[in-house]
Amino acid sequence: MDNRHDLQVILESRVPIILVESRDETRFIDLLKDIVTSTSRSGHQPLFQWSVTNGLQRIDIDMAPQPLNAEPEKVLRHIRSVEQPGIYVLLDFHPYLDNPVHTRLLKDIAIGMPDGSRTVILVSHKLNLPSELEQLSARFEMSLPDDNERAMIVTRVVEEWNKAHSGSVAIDQKAFSLLVANLSGLTRADTERLARNLVRDGMIAETDLPAAMHAKYELLNRQGVLSFEYETAKFSELGGLNRLKTWLEQRRLAMMGDAGVSHLDPPKGLMLIGVQGCGKSLAAKAAAGIFNVPLLRLDFGALYNKYHGETERNLRESLQQAEVMSPCVLWIDEIEKGISSGSTDSDVSRRVLGTFLTWMAEKDQSVFVVATANDIARLPPELIRKGRFDEIFFVDLPSPKVRATILQIHLRSRGLDPAGFDLARLVVASEGFSGAEIEQGVVAALYAAHATEAPPATGHVLAEFERTRPLSVVMAEKIHALRAWAADRTVAAD
Ligand SMILES: Nc1ncnc2c1ncn2[C@@H]1O[C@H](COP(=O)(O)OP(=O)(O)O)[C@@H](O)[C@H]1O
Ligand SMILES: [Mg+2]
């Protein structure tokens, strides 16, 4: 998109109010100034800039600000009274737009001059125009920098650092290109600011990426229902689920945008259905960890609560935000709670589901969706129809071998050496346990050992296991039904 050309067209169309939602205020003003002053017509239109702090100021030629007109109402009355043509840029006027007097004044200005020779341009990060002004206005969007331009910005920042420190930034080339790719969706100013922070330590390395992605998320976040999860996981923290791990591993290069696999369809996402506490949520975190991309969590429940009546719009905005953060993993935990077929407001949830499925089908950004579900009874059938997700995995209770691994993982993560435990006995004693229940057993055993001031040993864990009535016993029927359902609809994750 050619910013200059587009802005020129809008200016020439003589629409009285132009809305510019942008964080790149300086750059917009520079562009506008450039267009106005290079107009070849005999004598260009005067260009004014207003802010509540500085008042009105002519900026196509150097003139001092007029603090007299700092008040929003005064400046509008002033513009209305002026008879000469002119372009008036109002910076951050958005808080004053819901005042009816201001609205009427803007309307007076817009319709007061039939030849439309006065133009008001509103520049803010976000603009909601009163509806009576809508048809008197047009929106102009500044395009964001592309890959090339972002690479240039980062390079320039690096050169500045080199000069200032008479040294040179240690650049890991792979990290550099990942960084440039991952900053998509940011303005020039934000890209530059972020790059400055990053090279402060004199290097650009892969270890910088998580912080950069988080900073980007903060810049983009508009109190949506997406949350940035700091905690991703490694495969080594997840016992079993080996088929799932292989599946993810095979898609790693494609997710990271590797050119060598550009002929493969980009992965869309997967669904994890299964027994509670067996590692579905942990696997979602591990997907982000193995892809080395940010993990964003979408909370459908919050979507309903927070934005009553505007649910779909906010879902769309959240999904857009995820696209800007791409490549990323979008994690929807317990999706059936958000879009269940039997919920109270079934109309809304049907529309929300529709919005989500349409997005899933059309998205071309690398947003990898991981949805988890515990309760198949509440899962809308259209969600799991073939082709929605790349794969639907069933996460069952861990086998004896996997239970041994899970025990090792949780003993080790608490500083204990698994070799000092009788794993074979513990595996037998934890028959029917979920990963979460095994972990709970280890945690409780540590407390019990601590209380008697003895080092934790097999006996402590055994005692805890014997005390536990696993969910698989309490809910045997439900799990049985779950397995039967999963048999011809899903692939075993392990
Ligand atoms: N397969 C596993 N390997 C290692 N830890 C596990 C496993 N399954 C469950 N856990 C432990 O139990 C916790 C809860 O599991 P979670 O992933 O939330 O289960 P789910 O989402 O399937 O209900 C995890 O954070 C982890 O500590
Ligand atoms: Mg879970």
# chains A, B, ... in the order shown; residues from 1 in each chain; ligands from 1
>>> residues_around(residues="stretch 84-89 of chain A", least_positions_apart="4", cutoff="7 Å", atoms="only C-alpha atoms", output="VMD selection string")
chain A and resid 45 to 50 117 to 122
>>> closest_atom_pairs(of="chain A", to="ligand 1", cutoff="10 Å", atoms="only C-alpha atoms and all ligand atoms", output="CSV")
residue,atom,partner,partner_atom_place_in_ligand_line,distance
A:Ala233,CA,ligand 1,25 (O),9.7
A:Phe235,CA,ligand 1,3 (N),9.1
A:Ser236,CA,ligand 1,4 (C),8.5
A:Glu237,CA,ligand 1,4 (C),5.7
A:Leu238,CA,ligand 1,3 (N),3.8
A:Gly239,CA,ligand 1,3 (N),3.6
A:Gly240,CA,ligand 1,1 (N),5.5
A:Leu241,CA,ligand 1,1 (N),6.7
A:Asn242,CA,ligand 1,1 (N),9.8
A:Leu272,CA,ligand 1,22 (O),8.4
A:Ile273,CA,ligand 1,22 (O),8.1
A:Gly274,CA,ligand 1,22 (O),6.7
A:Val275,CA,ligand 1,22 (O),6.2
A:Gln276,CA,ligand 1,23 (O),3.8
A:Gly277,CA,ligand 1,19 (O),3.4
A:Cys278,CA,ligand 1,8 (N),3.7
A:Gly279,CA,ligand 1,17 (O),3.1
A:Lys280,CA,ligand 1,22 (O),3.6
A:Ser281,CA,ligand 1,21 (O),3.7
A:Leu282,CA,ligand 1,17 (O),3.8
A:Ala283,CA,ligand 1,17 (O),6.5
A:Ala284,CA,ligand 1,17 (O),8.1
A:Lys285,CA,ligand 1,17 (O),8.7
A:Ala286,CA,ligand 1,17 (O),10.0
A:Asp333,CA,ligand 1,21 (O),7.7
A:Glu334,CA,ligand 1,21 (O),8.1
A:Thr372,CA,ligand 1,21 (O),7.2
A:Ala373,CA,ligand 1,21 (O),8.1
A:Asn374,CA,ligand 1,23 (O),7.2
A:Val395,CA,ligand 1,22 (O),7.4
A:Asp396,CA,ligand 1,22 (O),9.0
A:Leu397,CA,ligand 1,1 (N),8.6
A:Pro398,CA,ligand 1,1 (N),6.9
A:Val402,CA,ligand 1,1 (N),7.4
A:Arg403,CA,ligand 1,1 (N),8.0
A:Ala404,CA,ligand 1,3 (N),10.0
A:Thr405,CA,ligand 1,3 (N),7.5
A:Ile406,CA,ligand 1,4 (C),4.9
A:Leu407,CA,ligand 1,4 (C),8.0
A:Gln408,CA,ligand 1,4 (C),9.1
A:Ile409,CA,ligand 1,4 (C),6.5
A:His410,CA,ligand 1,5 (N),7.1
A:Ser413,CA,ligand 1,27 (O),9.9
A:Phe433,CA,ligand 1,8 (N),9.8
A:Ser434,CA,ligand 1,8 (N),6.4
A:Gly435,CA,ligand 1,9 (C),3.6
A:Ala436,CA,ligand 1,12 (O),3.2
A:Glu437,CA,ligand 1,12 (O),7.0
A:Ile438,CA,ligand 1,11 (C),7.6
A:Glu439,CA,ligand 1,11 (C),5.9
A:Gln440,CA,ligand 1,12 (O),8.0
A:Asp494,CA,ligand 1,1 (N),9.5
>>> write_last_selection(atoms="C-alpha atoms", output="short mmCIF file (atom, residue, chain, number, x, y, z; two decimals), in the first residue's frame")
data_model
loop_
_atom_site.label_atom_id
_atom_site.label_comp_id
_atom_site.auth_asym_id
_atom_site.auth_seq_id
_atom_site.Cartn_x
_atom_site.Cartn_y
_atom_site.Cartn_z
CA ALA A 233 6.98 -26.29 28.66
CA PHE A 235 8.88 -32.11 26.01
CA SER A 236 11.04 -33.41 28.83
CA GLU A 237 8.45 -32.18 31.34
CA LEU A 238 5.70 -34.16 29.67
CA GLY A 239 5.58 -37.91 30.24
CA GLY A 240 4.25 -40.14 27.46
CA LEU A 241 2.10 -38.68 24.67
CA ASN A 242 4.82 -39.83 22.32
CA LEU A 272 -6.74 -32.74 22.66
CA ILE A 273 -9.60 -34.65 24.19
CA GLY A 274 -9.31 -36.89 27.16
CA VAL A 275 -9.19 -37.80 30.78
CA GLN A 276 -8.74 -34.94 33.19
CA GLY A 277 -5.28 -34.47 34.68
CA CYS A 278 -3.43 -36.43 32.02
CA GLY A 279 -1.44 -33.59 30.54
CA LYS A 280 -3.60 -31.86 27.93
CA SER A 281 -2.91 -28.37 29.22
CA LEU A 282 0.72 -29.24 29.74
CA ALA A 283 0.92 -30.49 26.15
CA ALA A 284 -0.49 -27.18 24.87
CA LYS A 285 2.31 -25.37 26.69
CA ALA A 286 4.82 -27.83 25.30
CA ASP A 333 -8.34 -24.63 27.28
CA GLU A 334 -11.53 -26.60 27.90
CA THR A 372 -8.42 -29.03 24.84
CA ALA A 373 -11.63 -30.64 26.05
CA ASN A 374 -12.60 -32.92 28.93
CA VAL A 395 -5.20 -38.41 25.88
CA ASP A 396 -5.81 -41.47 28.00
CA LEU A 397 -4.64 -42.48 31.47
CA PRO A 398 -0.90 -43.17 31.44
CA VAL A 402 4.49 -43.67 31.16
CA ARG A 403 3.63 -43.65 34.88
CA ALA A 404 7.26 -44.47 35.57
CA THR A 405 8.35 -41.53 33.43
CA ILE A 406 5.89 -39.18 35.10
CA LEU A 407 7.14 -40.28 38.53
CA GLN A 408 10.71 -39.60 37.45
CA ILE A 409 9.80 -36.18 36.07
CA HIS A 410 8.11 -35.07 39.27
CA SER A 413 11.75 -31.54 39.43
CA PHE A 433 -3.84 -42.73 38.28
CA SER A 434 -3.66 -39.65 36.13
CA GLY A 435 -0.45 -37.65 35.78
CA ALA A 436 -1.89 -35.02 38.06
CA GLU A 437 -2.69 -37.63 40.72
CA ILE A 438 0.81 -39.06 40.54
CA GLU A 439 2.24 -35.58 40.97
CA GLN A 440 -0.08 -34.93 43.90
CA ASP A 494 0.58 -41.99 23.24
#
>>> closest_residue(among="A:Ala195, A:Val169, A:Ala371, A:Leu7", to="ligand 2", atoms="only C-alpha atoms and all ligand atoms")
A:Ala371
>>> residues_around(residues="A:Pro210", least_positions_apart="5", cutoff="9 Å", atoms="only C-alpha atoms", output="VMD selection string")
chain A and resid 215 230 292 to 294
>>> select_by_dssp(residues="stretch 126-348 of chain A", states="helix (DSSP H, G or I)", output="ChimeraX atom specification")
/A:131-134,147-165,173-182,188-199,206-220,235-237,242-250,252-255,259-261,280-291,300-306,311-324,335-338,346-348
>>> residues_around(residues="A:Ala254", least_positions_apart="6", cutoff="10 Å", atoms="only C-alpha atoms", output="list in words")
Gly260, Val261, Ser262, His263, Leu264, Asp265, Pro266, Pro267, Phe291 and Ser366 of chain A
>>> select_by_dssp(residues="stretch 168-375 of chain A", states="strand (DSSP E or B)", output="JSON, numbers by chain")
{"A": [170, 171, 203, 204, 226, 227, 228, 229, 269, 270, 271, 272, 273, 274, 295, 296, 297, 298, 328, 329, 330, 331, 332, 367, 368, 369, 370, 371, 372, 373]}
>>> write_last_selection(atoms="C-alpha atoms", output="PDB file, in the first residue's frame")
ATOM      1  CA  ALA A 170      27.045  -9.518  18.275  1.00  0.00           C
ATOM      2  CA  ILE A 171      24.314 -10.668  15.943  1.00  0.00           C
ATOM      3  CA  MET A 203      23.840  -8.623  21.247  1.00  0.00           C
ATOM      4  CA  ILE A 204      20.926 -10.056  19.346  1.00  0.00           C
ATOM      5  CA  LEU A 226      -6.151 -13.081  25.207  1.00  0.00           C
ATOM      6  CA  SER A 227      -3.499 -13.600  27.807  1.00  0.00           C
ATOM      7  CA  PHE A 228       0.163 -14.035  27.237  1.00  0.00           C
ATOM      8  CA  GLU A 229       1.423 -17.147  28.993  1.00  0.00           C
ATOM      9  CA  GLY A 269      -3.953 -26.855  14.923  1.00  0.00           C
ATOM     10  CA  LEU A 270      -5.011 -29.784  16.991  1.00  0.00           C
ATOM     11  CA  MET A 271      -7.582 -30.807  19.499  1.00  0.00           C
ATOM     12  CA  LEU A 272      -6.743 -32.738  22.658  1.00  0.00           C
ATOM     13  CA  ILE A 273      -9.601 -34.654  24.192  1.00  0.00           C
ATOM     14  CA  GLY A 274      -9.314 -36.888  27.156  1.00  0.00           C
ATOM     15  CA  LEU A 295       1.776 -18.901  23.832  1.00  0.00           C
ATOM     16  CA  LEU A 296      -1.476 -16.951  23.876  1.00  0.00           C
ATOM     17  CA  ARG A 297      -4.432 -18.186  25.795  1.00  0.00           C
ATOM     18  CA  LEU A 298      -7.954 -17.411  24.719  1.00  0.00           C
ATOM     19  CA  CYS A 328       2.219 -18.240  17.839  1.00  0.00           C
ATOM     20  CA  VAL A 329       0.249 -20.955  19.566  1.00  0.00           C
ATOM     21  CA  LEU A 330      -3.321 -19.994  20.431  1.00  0.00           C
ATOM     22  CA  TRP A 331      -4.398 -22.138  23.313  1.00  0.00           C
ATOM     23  CA  ILE A 332      -8.076 -22.605  24.117  1.00  0.00           C
ATOM     24  CA  VAL A 367      -1.491 -19.220  14.364  1.00  0.00           C
ATOM     25  CA  PHE A 368      -1.432 -22.781  15.601  1.00  0.00           C
ATOM     26  CA  VAL A 369      -4.553 -23.580  17.591  1.00  0.00           C
ATOM     27  CA  VAL A 370      -4.438 -26.043  20.457  1.00  0.00           C
ATOM     28  CA  ALA A 371      -7.877 -26.697  21.920  1.00  0.00           C
ATOM     29  CA  THR A 372      -8.417 -29.026  24.838  1.00  0.00           C
ATOM     30  CA  ALA A 373     -11.629 -30.636  26.050  1.00  0.00           C
TER      31      ALA A 373
END
>>> residues_around(residues="stretch 61-67 of chain A", least_positions_apart="3", cutoff="12 Å", atoms="only C-alpha atoms", output="PyMOL selection string")
chain A and resi 33-34+36-37+44-58+70-72+74-75+78
>>> closest_residue(among="A:Asp375, A:Glu382, A:Asp364, A:Glu431", to="ligand 2", atoms="only C-alpha atoms and all ligand atoms")
A:Asp375
>>> atom_distance(atom1="atom CA of A:Ser137", atom2="atom CA of A:Glu12")
13.3 Å
>>> residues_around(residues="stretch 126-133 of chain A", least_positions_apart="2", cutoff="8 Å", atoms="only C-alpha atoms", output="ChimeraX atom specification")
/A:19-22,94,97-98,103,106-107,124,135-137
>>> residues_around(residues="A:Met360", least_positions_apart="2", cutoff="9 Å", atoms="only C-alpha atoms", output="ChimeraX atom specification")
/A:268-269,355-358,362-364,369,388-389
>>> write_last_selection(atoms="N, CA and C atoms", output="mmCIF file, in the first residue's frame")
data_model
loop_
_atom_site.group_PDB
_atom_site.id
_atom_site.type_symbol
_atom_site.label_atom_id
_atom_site.label_comp_id
_atom_site.auth_asym_id
_atom_site.auth_seq_id
_atom_site.Cartn_x
_atom_site.Cartn_y
_atom_site.Cartn_z
ATOM 1 N N LYS A 268 -2.551 -26.192 11.059
ATOM 2 C CA LYS A 268 -3.642 -25.341 11.542
ATOM 3 C C LYS A 268 -3.795 -25.445 13.049
ATOM 4 N N GLY A 269 -3.755 -26.701 13.501
ATOM 5 C CA GLY A 269 -3.953 -26.855 14.923
ATOM 6 C C GLY A 269 -4.435 -28.236 15.278
ATOM 7 N N THR A 355 -18.242 -17.959 14.204
ATOM 8 C CA THR A 355 -17.153 -16.996 13.998
ATOM 9 C C THR A 355 -15.797 -17.686 14.117
ATOM 10 N N PHE A 356 -15.689 -18.517 15.139
ATOM 11 C CA PHE A 356 -14.413 -19.195 15.371
ATOM 12 C C PHE A 356 -14.075 -20.167 14.236
ATOM 13 N N LEU A 357 -15.082 -20.936 13.803
ATOM 14 C CA LEU A 357 -14.827 -21.921 12.754
ATOM 15 C C LEU A 357 -14.490 -21.247 11.425
ATOM 16 N N THR A 358 -15.179 -20.163 11.130
ATOM 17 C CA THR A 358 -14.876 -19.433 9.893
ATOM 18 C C THR A 358 -13.438 -18.945 9.923
ATOM 19 N N GLU A 362 -10.297 -19.899 7.404
ATOM 20 C CA GLU A 362 -9.769 -18.884 6.496
ATOM 21 C C GLU A 362 -8.398 -18.356 6.853
ATOM 22 N N LYS A 363 -7.990 -18.563 8.095
ATOM 23 C CA LYS A 363 -6.737 -17.922 8.537
ATOM 24 C C LYS A 363 -5.568 -18.412 7.687
ATOM 25 N N ASP A 364 -4.697 -17.468 7.333
ATOM 26 C CA ASP A 364 -3.514 -17.938 6.624
ATOM 27 C C ASP A 364 -2.243 -17.593 7.398
ATOM 28 N N VAL A 369 -3.554 -23.487 16.533
ATOM 29 C CA VAL A 369 -4.553 -23.580 17.591
ATOM 30 C C VAL A 369 -4.425 -24.899 18.347
ATOM 31 N N ARG A 388 -11.434 -29.704 10.371
ATOM 32 C CA ARG A 388 -11.371 -28.502 11.210
ATOM 33 C C ARG A 388 -9.967 -28.367 11.787
ATOM 34 N N PHE A 389 -9.579 -29.396 12.494
ATOM 35 C CA PHE A 389 -8.237 -29.458 13.060
ATOM 36 C C PHE A 389 -7.435 -30.451 12.232
#
>>> closest_residue(among="A:Val101, A:Lys337, A:Pro327, A:Tyr217", to="ligand 2", atoms="only C-alpha atoms and all ligand atoms")
A:Lys337
>>> closest_residue(among="A:Leu462, A:Ala259, A:Val154, A:Val225", to="A:Ala448", atoms="only C-alpha atoms")
A:Leu462
